[in-house]
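File shown here: protein-v3.txt, holding compact mmCIF, C-alpha atoms.
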# COMPACT_ATOMS: atom_id res chain seq x y z
CA MET A 1 -14.07 61.41 -24.94
CA GLY A 2 -14.04 57.61 -24.66
CA ASP A 3 -10.49 57.64 -23.26
CA LYS A 4 -11.50 60.17 -20.62
CA TRP A 5 -14.50 58.07 -19.52
CA GLN A 6 -12.30 55.01 -19.34
CA ALA A 7 -9.74 56.90 -17.28
CA ASP A 8 -12.48 58.20 -14.97
CA ASP A 9 -13.74 54.65 -14.45
CA GLN A 10 -10.22 53.44 -13.62
CA ILE A 11 -9.64 56.30 -11.22
CA GLU A 12 -12.96 55.54 -9.52
CA GLU A 13 -11.92 51.89 -9.28
CA CYS A 14 -8.69 53.01 -7.59
CA LYS A 15 -10.71 54.95 -5.03
CA VAL A 16 -12.93 51.93 -4.35
CA LEU A 17 -9.92 49.64 -3.89
CA LYS A 18 -8.27 52.13 -1.57
CA HIS A 19 -11.40 52.39 0.59
CA GLU A 20 -11.77 48.60 0.66
CA PHE A 21 -8.18 48.27 1.82
CA GLU A 22 -8.66 50.84 4.56
CA TRP A 23 -11.82 49.02 5.73
CA LEU A 24 -9.92 45.72 5.70
CA LEU A 25 -7.21 47.18 7.96
CA SER A 26 -9.54 49.00 10.32
CA HIS A 27 -12.33 46.41 10.69
CA GLU A 28 -11.86 42.97 9.20
CA VAL A 29 -8.32 42.36 10.47
CA GLN A 30 -9.28 42.87 14.12
CA SER A 31 -12.43 40.80 13.68
CA VAL A 32 -10.52 37.88 12.16
CA LEU A 33 -7.71 38.00 14.72
CA LEU A 34 -10.20 38.05 17.59
CA ASP A 35 -11.98 35.05 16.11
CA VAL A 36 -8.64 33.25 15.69
CA TYR A 37 -7.77 33.99 19.33
CA ASN A 38 -11.08 32.59 20.60
CA THR A 39 -10.77 29.54 18.36
CA ILE A 40 -7.25 28.77 19.61
CA GLN A 41 -8.55 28.98 23.17
CA LYS A 42 -11.24 26.44 22.30
CA CYS A 43 -8.54 24.14 20.97
CA CYS A 44 -6.56 24.51 24.19
CA GLU A 45 -9.70 23.56 26.10
CA ARG A 46 -9.97 20.38 24.03
CA LEU A 47 -6.35 19.54 24.77
CA ASN A 48 -6.98 20.08 28.51
CA ILE A 49 -3.61 21.82 28.78
CA GLY A 50 -2.37 25.33 29.50
CA LEU A 51 -5.60 26.82 30.88
CA ASP A 52 -6.83 27.79 34.32
CA ALA A 53 -7.88 24.55 36.02
CA GLU A 54 -10.71 26.30 37.90
CA SER A 55 -12.22 27.86 34.78
CA PHE A 56 -11.61 24.80 32.61
CA PRO A 57 -11.58 21.66 34.76
CA ILE A 58 -9.61 18.80 33.22
CA ARG A 59 -11.72 15.81 32.32
CA GLN A 60 -10.56 12.21 32.42
CA GLU A 61 -11.31 9.93 29.48
CA LYS A 62 -11.55 6.17 29.61
CA LEU A 63 -10.77 4.61 26.23
CA VAL A 64 -10.59 1.09 24.85
CA VAL A 65 -7.56 0.61 22.61
CA ALA A 66 -8.05 -2.43 20.41
CA SER A 67 -6.34 -4.18 17.51
CA PRO A 68 -7.97 -3.56 14.14
CA GLN A 69 -10.24 -6.10 12.47
CA GLY A 70 -10.99 -7.88 15.72
CA ALA A 71 -7.48 -9.23 16.33
CA ASP A 72 -6.58 -9.90 19.96
CA ASN A 73 -2.82 -9.27 19.79
CA VAL A 74 -3.07 -6.06 21.81
CA LYS A 75 -5.80 -5.13 24.26
CA CYS A 76 -5.66 -2.03 26.40
CA ILE A 77 -7.92 0.15 28.51
CA VAL A 78 -6.47 3.59 29.22
CA THR A 79 -7.44 6.57 31.35
CA LEU A 80 -6.33 9.75 29.60
CA LEU A 81 -5.94 13.07 31.43
CA GLY A 82 -4.64 15.99 29.39
CA ASP A 83 -1.33 14.80 27.95
CA MET A 84 -0.94 11.92 30.40
CA ILE A 85 -2.00 8.29 30.37
CA MET A 86 -2.80 8.05 34.05
CA GLU A 87 -3.77 4.39 34.03
CA ALA A 88 -3.53 1.57 31.53
CA ASP A 89 -4.32 -2.11 31.64
CA ILE A 90 -2.32 -3.71 28.82
CA LYS A 91 -2.56 -7.29 27.54
CA LEU A 92 -0.22 -8.50 24.81
CA LYS A 93 -0.14 -11.56 22.59
CA LEU A 94 3.09 -11.33 20.63
CA GLN A 95 4.67 -13.74 18.21
CA SER A 96 8.14 -14.85 19.21
CA LYS A 97 10.56 -17.54 18.03
CA HIS A 98 8.68 -20.03 20.20
CA GLY A 99 5.17 -19.14 19.06
CA PHE A 100 2.82 -16.69 20.75
CA THR A 101 3.85 -15.27 24.10
CA TYR A 102 1.43 -13.56 26.50
CA PHE A 103 2.22 -10.59 28.71
CA LYS A 104 0.29 -8.28 30.99
CA THR A 105 1.42 -4.96 32.42
CA ASN A 106 -0.04 -1.72 33.76
CA VAL A 107 0.49 2.02 34.00
CA HIS A 108 -0.39 3.63 37.34
CA ALA A 109 -1.18 7.25 38.22
CA ASP A 110 1.96 7.71 40.34
CA ILE A 111 4.16 7.26 37.22
CA PRO A 112 1.97 8.26 34.25
CA TRP A 113 2.89 7.80 30.61
CA LYS A 114 3.60 11.18 28.98
CA LEU A 115 2.17 11.93 25.52
CA GLN A 116 4.67 14.59 24.48
CA GLN A 117 2.89 15.34 21.20
CA ILE A 118 -0.09 16.82 23.02
CA GLN A 119 2.17 18.96 25.20
CA ASP A 120 4.14 20.14 22.14
CA CYS A 121 0.91 21.01 20.33
CA ALA A 122 -0.29 23.00 23.34
CA ASN A 123 3.05 24.84 23.58
CA HIS A 124 2.74 26.07 19.99
CA LEU A 125 -0.85 27.16 20.61
CA MET A 126 0.17 29.09 23.73
CA THR A 127 2.85 30.84 21.66
CA ALA A 128 0.16 31.79 19.12
CA LEU A 129 -2.00 33.23 21.91
CA GLU A 130 0.97 35.23 23.21
CA ILE A 131 1.50 36.70 19.74
CA LEU A 132 -2.10 37.89 19.65
CA GLU A 133 -2.05 39.11 23.27
CA SER A 134 1.07 41.20 22.60
CA THR A 135 -1.02 43.61 20.51
CA GLU A 136 -3.47 46.02 22.12
CA LYS A 137 -7.13 45.16 21.50
CA ASP A 138 -7.80 48.58 19.96
CA HIS A 139 -4.56 48.62 17.96
CA LYS A 140 -4.98 50.18 14.53
CA TYR A 141 -3.02 48.46 11.81
CA THR A 142 -1.62 50.92 9.30
CA SER A 143 -0.18 48.65 6.61
CA GLY A 144 -0.62 45.25 5.05
CA ASP A 145 2.99 44.40 5.88
CA GLU A 146 2.31 44.89 9.59
CA VAL A 147 -0.64 42.48 9.49
CA SER A 148 1.24 39.99 7.31
CA MET A 149 4.05 39.79 9.87
CA VAL A 150 1.56 38.81 12.57
CA LEU A 151 -0.19 36.33 10.28
CA ASN A 152 3.08 34.70 9.24
CA GLU A 153 4.01 34.10 12.88
CA LEU A 154 0.53 32.78 13.64
CA ILE A 155 0.43 30.45 10.65
CA GLN A 156 3.85 29.07 11.59
CA CYS A 157 2.72 28.31 15.16
CA LEU A 158 -0.59 26.80 14.05
CA HIS A 159 1.05 24.66 11.39
CA ARG A 160 3.55 23.33 13.93
CA ALA A 161 0.72 22.60 16.38
CA LEU A 162 -1.22 20.64 13.75
CA THR A 163 1.91 18.79 12.64
CA CYS A 164 2.50 17.61 16.22
CA LEU A 165 -0.79 15.70 16.05
CA VAL A 166 -0.97 14.48 12.46
CA LEU A 167 2.70 13.75 11.72
CA PRO A 168 4.31 12.15 14.78
CA ARG A 169 8.09 12.03 14.70
CA ARG A 170 9.33 8.55 13.97
CA ARG A 171 11.42 7.31 16.89
CA THR A 172 14.05 4.63 16.59
CA LEU A 173 13.67 1.38 18.51
CA GLU A 174 16.66 2.40 20.60
CA GLU A 175 14.93 5.68 21.54
CA LEU A 176 11.77 3.80 22.48
CA PHE A 177 13.76 1.26 24.48
CA GLN A 178 15.50 4.04 26.45
CA SER A 179 12.36 6.16 26.90
CA LYS A 180 11.44 7.19 30.44
CA ASN A 181 7.90 6.08 29.66
CA MET A 182 8.98 2.44 29.68
CA LYS A 183 9.66 2.90 33.39
CA SER A 184 5.93 3.57 33.87
CA LEU A 185 5.14 -0.10 33.19
CA ARG A 186 4.54 -2.38 36.15
CA PRO A 187 5.55 -5.13 36.10
CA GLU A 188 8.41 -4.38 33.75
CA LEU A 189 8.30 -6.15 30.42
CA PRO A 190 11.13 -8.38 29.19
CA LYS A 191 13.98 -6.50 27.54
CA ASP A 192 13.02 -7.77 24.10
CA ILE A 193 9.58 -6.07 24.21
CA VAL A 194 9.14 -2.35 23.57
CA LEU A 195 5.89 -0.37 23.72
CA SER A 196 5.03 2.96 22.16
CA PHE A 197 1.95 5.13 22.71
CA TYR A 198 1.59 8.00 20.23
CA ILE A 199 -0.96 10.28 18.59
CA GLN A 200 -1.80 9.94 14.90
CA GLY A 201 -4.33 12.62 13.97
CA HIS A 202 -7.36 11.91 16.15
CA LYS A 203 -6.20 8.44 17.19
CA LEU A 204 -4.28 7.12 20.16
CA VAL A 205 -2.08 4.30 18.87
CA LEU A 206 -0.29 1.60 20.88
CA THR A 207 2.44 -0.38 19.11
CA ALA A 208 4.16 -3.38 20.66
CA TYR A 209 7.47 -4.66 19.26
CA MET A 210 9.03 -8.06 19.82
CA LEU A 211 12.74 -7.64 19.23
CA GLN A 212 15.49 -9.97 18.19
CA GLY A 213 19.19 -9.22 18.33
CA MET A 214 19.17 -6.64 21.13
CA GLN A 215 22.39 -5.07 19.93
CA LYS A 216 20.90 -4.13 16.55
CA PHE A 217 17.30 -3.64 17.74
CA GLU A 218 15.80 -5.74 14.98
CA ILE A 219 12.05 -6.36 14.89
CA PHE A 220 10.84 -9.94 15.03
CA SER A 221 7.12 -9.05 15.17
CA LYS A 222 4.96 -5.98 15.62
CA SER A 223 1.34 -5.53 16.76
CA MET A 224 -0.79 -2.39 16.87
CA ALA A 225 -3.97 -1.20 18.52
CA GLU A 226 -5.74 2.13 18.31
CA CYS A 227 -8.79 4.13 19.30
CA SER A 228 -10.33 7.45 18.39
CA VAL A 229 -10.00 10.33 20.88
CA PRO A 230 -12.97 12.65 20.19
CA ARG A 231 -11.36 15.80 21.58
CA LEU A 232 -8.29 15.31 19.36
CA ASN A 233 -10.57 14.93 16.36
CA GLU A 234 -12.06 18.32 17.28
CA CYS A 235 -8.58 19.82 17.67
CA VAL A 236 -7.43 18.66 14.23
CA TYR A 237 -10.58 20.12 12.68
CA ILE A 238 -10.31 23.42 14.61
CA LEU A 239 -6.65 23.88 13.68
CA SER A 240 -7.39 23.21 10.01
CA VAL A 241 -10.19 25.79 10.03
CA VAL A 242 -8.21 28.50 11.82
CA LEU A 243 -5.22 27.98 9.51
CA GLN A 244 -7.52 28.45 6.55
CA GLU A 245 -8.95 31.61 8.13
CA CYS A 246 -5.48 33.12 8.58
CA GLN A 247 -4.47 32.19 5.04
CA GLN A 248 -7.62 33.74 3.56
CA LEU A 249 -6.90 37.04 5.32
CA LYS A 250 -3.30 36.89 4.12
CA ASP A 251 -4.51 36.29 0.55
CA LYS A 252 -6.80 39.32 0.76
CA LEU A 253 -3.90 41.46 1.91
CA SER A 254 -1.76 40.23 -0.95
CA VAL A 255 -4.28 41.67 -3.43
CA PHE A 256 -3.52 45.13 -2.05
CA SER A 257 0.18 44.53 -1.37
CA GLN A 258 1.34 46.76 -4.24
CA TYR A 259 -0.78 49.67 -3.03
CA THR A 260 0.44 50.11 0.53
CA ASN A 261 0.14 53.88 0.85
CA ASN A 262 -1.67 56.83 -0.66
CA ASN A 263 1.16 57.61 -3.08
CA ASP A 264 0.82 54.14 -4.57
CA TRP A 265 -2.89 54.66 -5.15
CA ARG A 266 -2.14 58.01 -6.82
CA LEU A 267 0.54 56.37 -8.95
CA MET A 268 -1.78 53.57 -10.06
CA ALA A 269 -4.47 56.08 -10.97
CA SER A 270 -2.09 58.41 -12.78
CA GLU A 271 -0.68 55.59 -14.88
CA THR A 272 -4.17 54.93 -16.27
CA ASP A 273 -4.92 58.61 -16.91
CA PRO A 274 -4.54 59.78 -20.56
CA ASN A 275 -3.71 63.27 -19.20
CA LYS A 276 -0.86 62.00 -17.02
CA ASP A 277 1.69 63.98 -19.01
CA ASN A 278 -0.15 67.25 -18.43
CA PRO A 279 1.53 68.94 -15.40
CA ASP A 280 -1.63 70.96 -14.71
CA HIS A 281 -3.84 67.87 -14.36
CA VAL A 282 -4.43 66.66 -10.78
CA ILE A 283 -6.20 63.51 -9.58
CA HIS A 284 -8.15 63.97 -6.33
CA PHE A 285 -8.91 61.20 -3.82
CA VAL A 286 -11.53 61.61 -1.11

Would you mind giving the structure from this file in structure tokens?
Amino acid sequence: MGDKWQADDQIEECKVLKHEFEWLLSHEVQSVLLDVYNTIQKCCERLNIGLDAESFPIRQEKLVVASPQGADNVKCIVTLLGDMIMEADIKLKLQSKHGFTYFKTNVHADIPWKLQQIQDCANHLMTALEILESTEKDHKYTSGDEVSMVLNELIQCLHRALTCLVLPRRRTLEELFQSKNMKSLRPELPKDIVLSFYIQGHKLVLTAYMLQGMQKFEIFSKSMAECSVPRLNECVYILSVVLQECQQLKDKLSVFSQYTNNNDWRLMASETDPNKDNPDHVIHFV
């Protein structure tokens, strides 16, 4: 009698798991994906890229980029618009072979400095939105595998978007020297000075290099300045949260991954039934 009660409990547990899985597919999946879609849109708003300019007007930001710990090697005031530095007033105090050398240059709106990382991040987010928009709003998912395919594509896009901001690609001095952005500077700097603006997490960083040996692009001295960009801080946080949300849904699906159809539920229940070898015994699911 005890074996039968235990088997009945296990069969009932199978029914509960099956119903939970069906509810997950029919309700929670759509709810999570809709929330992910809305959250990605919020992130795009923060980036000020890829959205309707009338619905989401782009806002300019004026930022003071300063050397850490009060140093005065690099001073800069920038006007940021989306992924562009529209204006910048840059003052440099760089150590050279002859002591400190002072330079001043500017970026003007007619030739802005492009922050490619922000554009790349936005491109990956737009791809994620396209993935979600490709499915009908009332689409009924019928298997965990179907949802997992969507989640895998989403997680890949979101991870790439976050990486664009937090792990900037290291560029060689030669790449920086030949960058089109250097042509944005007026007046032009001497050939042995190279500048680089880039994003590091929520910060805008400006690095100035004094070179020696132009053929080998060796560094004689380097100075940095940085500032926090509030909207990028929000983006990093939002992307981290939405990645976690997608992963949590994927983890839930993995719990049910071995029971993807009704036959699997029947098989699981029958394996726990002490009467499984009796051909006249039938397990009923409701």

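In terms of minimum interatomic distance to Cys164 (chain A), A:His124 ranks closest within A:Lys203, A:Lys75, A:His124, A:Lys191, counting only C-alpha atoms.
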
Q. Using all atoms listed in the file, which residues sit within 9 Å of Leu239 (chain A) once same-chain residues fewer than 6 positions away are excluded, as a list in words?
A.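 Near neighbours after the sequence-gap exclusion: Thr39, Ile40, Cys43, Leu158, His159, Ala161 and Leu162 of chain A.
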
Any chance you could export the current selection's C-alpha atoms as a short mmCIF file (atom, residue, chain, number, x, y, z; two decimals), in the frame of the given file?
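Full text of out-v2.cif as output:
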data_model
loop_
_atom_site.label_atom_id
_atom_site.label_comp_id
_atom_site.auth_asym_id
_atom_site.auth_seq_id
_atom_site.Cartn_x
_atom_site.Cartn_y
_atom_site.Cartn_z
CA THR A 39 -10.77 29.54 18.36
CA ILE A 40 -7.25 28.77 19.61
CA CYS A 43 -8.54 24.14 20.97
CA LEU A 158 -0.59 26.80 14.05
CA HIS A 159 1.05 24.66 11.39
CA ALA A 161 0.72 22.60 16.38
CA LEU A 162 -1.22 20.64 13.75
#

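Across A:Asp120, A:Leu33, A:Glu28, A:Lys250, the tightest approach to Gly144 (chain A) is made by A:Lys250 when counting only C-alpha atoms.
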
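Closest approach to Ser179 (chain A) from the set A:Val150, A:Val229, A:Leu132, A:Leu115 is made by A:Leu115, with distances taken over all atoms listed in the file.
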
Just want the 12 Å neighbourhood of Gln69 (chain A), counted on all atoms listed in the file, with same-chain residues fewer than 4 positions away dropped. Output as a short mmCIF file (atom, residue, chain, number, x, y, z; two decimals) with C-alpha atoms, keeping the file's coordinate frame.
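Okay, this is what ended up in result.cif:
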data_model
loop_
_atom_site.label_atom_id
_atom_site.label_comp_id
_atom_site.auth_asym_id
_atom_site.auth_seq_id
_atom_site.Cartn_x
_atom_site.Cartn_y
_atom_site.Cartn_z
CA ASN A 73 -2.82 -9.27 19.79
CA VAL A 74 -3.07 -6.06 21.81
CA MET A 224 -0.79 -2.39 16.87
CA ALA A 225 -3.97 -1.20 18.52
CA GLU A 226 -5.74 2.13 18.31
#
